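Since the structure comes first, as structure tokens, the remarks are kept for the end.
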Amino acid sequence: MVKANAYGHGLERAVAALADLTDGFALIELERAVRLRAAGFELPILMLEGFYTAEELPLFIEHRLIPVLHRLDQIHTLLAANWPAALPVYLKLDTGMHRLGFDAAGLAAARTALSGKVPDITLMTHFADADGSRGVDWQLERFATMTAGMDLPCSLSNSAALLRFPDVVANDWARPGIMLYGGSPFPQLISAAELDLQPVMTLQSEIIAVQTLVAGDSVGYGCSFTSDHPMRIGVVACGYADGYPRHAPTGTPVLVDGLRTRTLGRVSMDKLCVDLTDLPAKVGAGGTATLWGQAGETVLPADEVATSAGTISYELFCALAARVPVSEIN
Ligand SMILES: *Cc1c(COP(=O)(O)O)cnc(C)c1O
């Protein structure tokens, strides 16, 4: 899965790292898929929301992009555009997510419409709660019922299913996403480290000022944090315009020169504040703030920051702003 600019990691960068390991890529954005072909990637490219308008189909055909079809009228549009019989398609089945996909009757109609015209069909569904209490069995049962007697390749598992229900993957295509980028699909239950996943993205900045507070001083917009004792704080050049979540409350973990501490007060557009009070006095202006990822031997999982901010690592990664300079370190 390399949708959303490879979960914010940069499409070309992720593709360079993964191209030799994968049997194909999947994404949403047509222009990006064309870029993958232009870069010389020859293996299957799956378009997760198919096509939106008939005007896109010539590009699908030219670049052999595989559409995920989830509505009958898409099939009519596809056939009207003289879709070559040799090109594969996916049919998406709704087995309980209730977003995209055919029900049993829709699937029958779709197969009838494609019959004799587009033989290369893969059946796909998506799990709603592979990371949660309902698991995947209920959807697998519906999938089995809906596809009984059809001898077609399948694609079912996301990261959560791959890690938690590896047997499900005894089918043909898997669709790992967040695990490729070192995020846990169930951070509340099992950390990325316990899953043997390493962080890929590290977000770092610098302490650009140090402030000394006396009891009663407050920090940042809204004066949402007020000290009750003398404190030393660092001002970090990173804010929500860089993709750091504004909802991260006081106490969100952060590393300064590799030492764990916490944020203080509200995150602003370009800055956030961190507590240096209990860190060695030499930690100060010019120090490195690691907002998530790896600082030397120490890891601050993006999942922890995300949990503190009431979100998931997926959203943090995808929100990394274009203004943040990116460098690659191996
Ligand atoms: C994004 C996506 C995935 C990958 O999900 P992860 O939780 O990141 O592994 C799999 N399948 C579909 C249809 C998706 O849209």
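Please note that chains go A, B, ... in the order of the structure tokens, that every chain numbers its residues from 1, and that ligands are numbered from 1 in the order shown.
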Q: Please extract the residues at most 7 Å from ligand 1, counting only C-alpha atoms and all ligand atoms, and provide them as a list of chain:residue names, using the chain letters and residue numbers of this document.
A: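 The residues near ligand 1 are A:Met1, A:Leu48, A:His126, A:Ser157, A:Asn158, A:Ser159, A:Ala160, A:Arg175, A:Pro176, A:Gly177, A:Ile178, A:Met179, A:Pro185.
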Could you turn the residues from that selection into a file that holds C-alpha atoms, as an mmCIF file, in the first residue's frame?
```
data_model
loop_
_atom_site.group_PDB
_atom_site.id
_atom_site.type_symbol
_atom_site.label_atom_id
_atom_site.label_comp_id
_atom_site.auth_asym_id
_atom_site.auth_seq_id
_atom_site.Cartn_x
_atom_site.Cartn_y
_atom_site.Cartn_z
ATOM 1 C CA MET A 1 0.000 0.000 0.000
ATOM 2 C CA LEU A 48 -8.195 1.013 -4.663
ATOM 3 C CA HIS A 126 -11.764 -5.243 3.459
ATOM 4 C CA SER A 157 -5.836 -8.919 4.513
ATOM 5 C CA ASN A 158 -4.648 -5.535 5.741
ATOM 6 C CA SER A 159 -1.801 -5.184 8.267
ATOM 7 C CA ALA A 160 -3.961 -6.001 11.277
ATOM 8 C CA ARG A 175 -2.463 -5.620 1.314
ATOM 9 C CA PRO A 176 -0.059 -4.537 4.067
ATOM 10 C CA GLY A 177 0.011 -0.816 4.763
ATOM 11 C CA ILE A 178 0.917 0.649 8.140
ATOM 12 C CA MET A 179 3.177 -2.250 9.102
ATOM 13 C CA PRO A 185 -2.237 -1.552 13.595
#
```
Q: Would you list, as JSON, numbers by chain, the residues of stretch 40-176 of chain A that end up in helix (DSSP H, G or I) under DSSP run on this structure's backbone?
A: {"A": [54, 55, 56, 57, 58, 59, 60, 61, 62, 72, 73, 74, 75, 76, 77, 78, 79, 80, 104, 105, 106, 107, 108, 109, 110, 111, 112, 113, 114, 137, 138, 139, 140, 141, 142, 143, 144, 145, 146, 159, 160, 161, 162, 163, 164, 166, 167, 168, 169, 170]}
(Q) Just want the 12 Å neighbourhood of A:Asn330, counted on only C-alpha atoms, with same-chain residues fewer than 3 positions away dropped. Output as a count of residues only. (A) 7
Can I get the residues of stretch 105-220 of chain A within 12 Å of stretch 51-70 of chain A, each with the closest pair of atoms and their distance in Å to one decimal, using only C-alpha atoms, sorted chain first then ascending number, as a Markdown table?
```
| residue | atom | partner | partner_atom | distance |
| --- | --- | --- | --- | --- |
| A:Gly106 | CA | A:His70 | CA | 9.0 |
| A:Leu107 | CA | A:His70 | CA | 9.0 |
| A:Ala109 | CA | A:His70 | CA | 11.6 |
| A:Ala110 | CA | A:His70 | CA | 9.0 |
| A:Arg111 | CA | A:Leu69 | CA | 11.2 |
| A:Leu114 | CA | A:Leu69 | CA | 11.2 |
| A:Val118 | CA | A:Ile66 | CA | 12.0 |
| A:Asp120 | CA | A:Ile66 | CA | 10.4 |
| A:Ile121 | CA | A:Val68 | CA | 9.9 |
| A:Thr122 | CA | A:Val68 | CA | 9.1 |
| A:Leu123 | CA | A:Val68 | CA | 9.2 |
| A:Met124 | CA | A:Val68 | CA | 8.3 |
| A:Thr125 | CA | A:Val68 | CA | 10.3 |
| A:His126 | CA | A:Val68 | CA | 11.9 |
| A:Ser155 | CA | A:Val68 | CA | 11.1 |
```
Can you spit out the residues from that selection as a JSON list (two decimals), in the first residue's frame, using C-alpha atoms?
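Result went into result-v1.json, see below:
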```json
[["chain", "number", "residue", "atom", "x", "y", "z"],
["A", 106, "GLY", "CA", -24.60, -7.16, -7.04],
["A", 107, "LEU", "CA", -21.73, -9.59, -7.38],
["A", 109, "ALA", "CA", -24.86, -9.01, -11.73],
["A", 110, "ALA", "CA", -21.26, -7.83, -12.00],
["A", 111, "ARG", "CA", -20.03, -11.24, -13.03],
["A", 114, "LEU", "CA", -18.18, -9.10, -17.28],
["A", 118, "VAL", "CA", -13.17, -9.55, -18.86],
["A", 120, "ASP", "CA", -9.27, -11.92, -15.18],
["A", 121, "ILE", "CA", -11.15, -11.17, -11.95],
["A", 122, "THR", "CA", -9.86, -11.02, -8.38],
["A", 123, "LEU", "CA", -12.30, -10.86, -5.48],
["A", 124, "MET", "CA", -11.50, -8.43, -2.72],
["A", 125, "THR", "CA", -12.95, -7.40, 0.59],
["A", 126, "HIS", "CA", -11.76, -5.24, 3.46],
["A", 155, "SER", "CA", -7.35, -10.32, -1.71]]
```
Q.
For a test of reading the model, state the distance in Å between atom CA of A:Leu30 and atom CA of A:Met47, rounded to one decimal.
A.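 Separation between atom CA of A:Leu30 and atom CA of A:Met47: 7.6 Å.
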Q.
With distances taken over only C-alpha atoms, which residue among A:Gly135, A:Pro280, A:Gly182, A:Pro119 lies nearest A:Asp303?
A.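 Of the candidates, the smallest distance to A:Asp303 is held by A:Gly182.
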Q. Out of A:Pro245, A:Gly286, A:Gly132, A:Gly96, which residue has the shortest atom-to-atom distance to A:Phe165 when counting only C-alpha atoms?
A. A:Gly132
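Backbone DSSP assigns strand (DSSP E or B) in stretch 108-251 of chain A to Ile121, Thr122, Leu123, Met124, Cys154, Ser155, Trp173, Leu203, Gln204, Ser205, Glu206, Ile207, Ile208, Ala209, Val210, Gln211, Thr212, Leu213, Ser218, Val219, Phe225, Thr226, Met231, Arg232, Ile233, Gly234, Val235 and Val236 of chain A.
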**Q.** Within 9 Å of A:Met231 using only C-alpha atoms, minus same-chain residues under 5 positions, as a VMD selection string
**A.** chain A and resid 211 to 215 275 to 278
Create the file for the chosen residues now, containing all heavy atoms and written as a PDB file, in the first residue's frame.
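Contents of part07.pdb, freshly written:
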```pdb
ATOM      1  N   GLN A 211      13.443  28.848  28.065  1.00  0.00           N
ATOM      2  CA  GLN A 211      12.781  29.798  28.965  1.00  0.00           C
ATOM      3  C   GLN A 211      12.839  29.250  30.378  1.00  0.00           C
ATOM      4  O   GLN A 211      12.789  28.035  30.586  1.00  0.00           O
ATOM      5  CB  GLN A 211      11.299  29.949  28.590  1.00  0.00           C
ATOM      6  CG  GLN A 211      11.040  30.476  27.207  1.00  0.00           C
ATOM      7  CD  GLN A 211      11.139  31.982  27.142  1.00  0.00           C
ATOM      8  OE1 GLN A 211      11.216  32.659  28.175  1.00  0.00           O
ATOM      9  NE2 GLN A 211      11.163  32.506  25.927  1.00  0.00           N
ATOM     10  N   THR A 212      12.940  30.180  31.319  1.00  0.00           N
ATOM     11  CA  THR A 212      12.871  29.786  32.718  1.00  0.00           C
ATOM     12  C   THR A 212      11.554  30.311  33.290  1.00  0.00           C
ATOM     13  O   THR A 212      11.237  31.489  33.125  1.00  0.00           O
ATOM     14  CB  THR A 212      14.050  30.404  33.487  1.00  0.00           C
ATOM     15  OG1 THR A 212      15.241  30.044  32.786  1.00  0.00           O
ATOM     16  CG2 THR A 212      14.137  29.861  34.893  1.00  0.00           C
ATOM     17  N   LEU A 213      10.804  29.436  33.888  1.00  0.00           N
ATOM     18  CA  LEU A 213       9.499  29.835  34.438  1.00  0.00           C
ATOM     19  C   LEU A 213       9.571  29.847  35.962  1.00  0.00           C
ATOM     20  O   LEU A 213      10.264  29.024  36.561  1.00  0.00           O
ATOM     21  CB  LEU A 213       8.404  28.838  34.035  1.00  0.00           C
ATOM     22  CG  LEU A 213       8.209  28.503  32.562  1.00  0.00           C
ATOM     23  CD1 LEU A 213       6.978  27.604  32.408  1.00  0.00           C
ATOM     24  CD2 LEU A 213       8.058  29.739  31.704  1.00  0.00           C
ATOM     25  N   VAL A 214       8.851  30.762  36.562  1.00  0.00           N
ATOM     26  CA  VAL A 214       8.630  30.678  38.008  1.00  0.00           C
ATOM     27  C   VAL A 214       7.215  30.150  38.214  1.00  0.00           C
ATOM     28  O   VAL A 214       6.414  30.133  37.275  1.00  0.00           O
ATOM     29  CB  VAL A 214       8.795  32.067  38.699  1.00  0.00           C
ATOM     30  CG1 VAL A 214      10.216  32.591  38.503  1.00  0.00           C
ATOM     31  CG2 VAL A 214       7.774  33.069  38.174  1.00  0.00           C
ATOM     32  N   ALA A 215       6.940  29.691  39.409  1.00  0.00           N
ATOM     33  CA  ALA A 215       5.599  29.174  39.697  1.00  0.00           C
ATOM     34  C   ALA A 215       4.570  30.223  39.311  1.00  0.00           C
ATOM     35  O   ALA A 215       4.733  31.413  39.603  1.00  0.00           O
ATOM     36  CB  ALA A 215       5.488  28.824  41.185  1.00  0.00           C
ATOM     37  N   ASP A 275       9.345  20.191  28.271  1.00  0.00           N
ATOM     38  CA  ASP A 275       9.827  20.327  29.651  1.00  0.00           C
ATOM     39  C   ASP A 275      11.289  19.875  29.730  1.00  0.00           C
ATOM     40  O   ASP A 275      11.605  18.716  29.429  1.00  0.00           O
ATOM     41  CB  ASP A 275       8.946  19.443  30.548  1.00  0.00           C
ATOM     42  CG  ASP A 275       9.193  19.712  32.022  1.00  0.00           C
ATOM     43  OD1 ASP A 275      10.112  20.486  32.350  1.00  0.00           O
ATOM     44  OD2 ASP A 275       8.441  19.137  32.843  1.00  0.00           O
ATOM     45  N   LEU A 276      12.171  20.795  30.126  1.00  0.00           N
ATOM     46  CA  LEU A 276      13.593  20.438  30.283  1.00  0.00           C
ATOM     47  C   LEU A 276      13.985  20.362  31.757  1.00  0.00           C
ATOM     48  O   LEU A 276      15.152  20.105  32.073  1.00  0.00           O
ATOM     49  CB  LEU A 276      14.479  21.493  29.594  1.00  0.00           C
ATOM     50  CG  LEU A 276      14.233  21.760  28.109  1.00  0.00           C
ATOM     51  CD1 LEU A 276      15.184  22.847  27.603  1.00  0.00           C
ATOM     52  CD2 LEU A 276      14.411  20.478  27.295  1.00  0.00           C
ATOM     53  N   THR A 277      13.025  20.603  32.646  1.00  0.00           N
ATOM     54  CA  THR A 277      13.340  20.784  34.069  1.00  0.00           C
ATOM     55  C   THR A 277      14.179  19.641  34.633  1.00  0.00           C
ATOM     56  O   THR A 277      15.159  19.878  35.361  1.00  0.00           O
ATOM     57  CB  THR A 277      12.032  20.921  34.879  1.00  0.00           C
ATOM     58  OG1 THR A 277      11.193  21.868  34.232  1.00  0.00           O
ATOM     59  CG2 THR A 277      12.312  21.379  36.304  1.00  0.00           C
ATOM     60  N   ASP A 278      13.820  18.422  34.306  1.00  0.00           N
ATOM     61  CA  ASP A 278      14.533  17.283  34.903  1.00  0.00           C
ATOM     62  C   ASP A 278      15.650  16.741  34.011  1.00  0.00           C
ATOM     63  O   ASP A 278      16.236  15.702  34.318  1.00  0.00           O
ATOM     64  CB  ASP A 278      13.539  16.155  35.218  1.00  0.00           C
ATOM     65  CG  ASP A 278      12.561  16.574  36.312  1.00  0.00           C
ATOM     66  OD1 ASP A 278      12.948  17.428  37.148  1.00  0.00           O
ATOM     67  OD2 ASP A 278      11.413  16.083  36.308  1.00  0.00           O
TER      68      ASP A 278
END
```
**Q.** Which residue of A:Val235, A:Ile45, A:Val15, A:Val89 approaches A:Leu180 most closely, using only C-alpha atoms
**A.** A:Val15
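Note that atom CA of A:Ala26 and atom CA of A:Ala148 are 26.3 Å apart.
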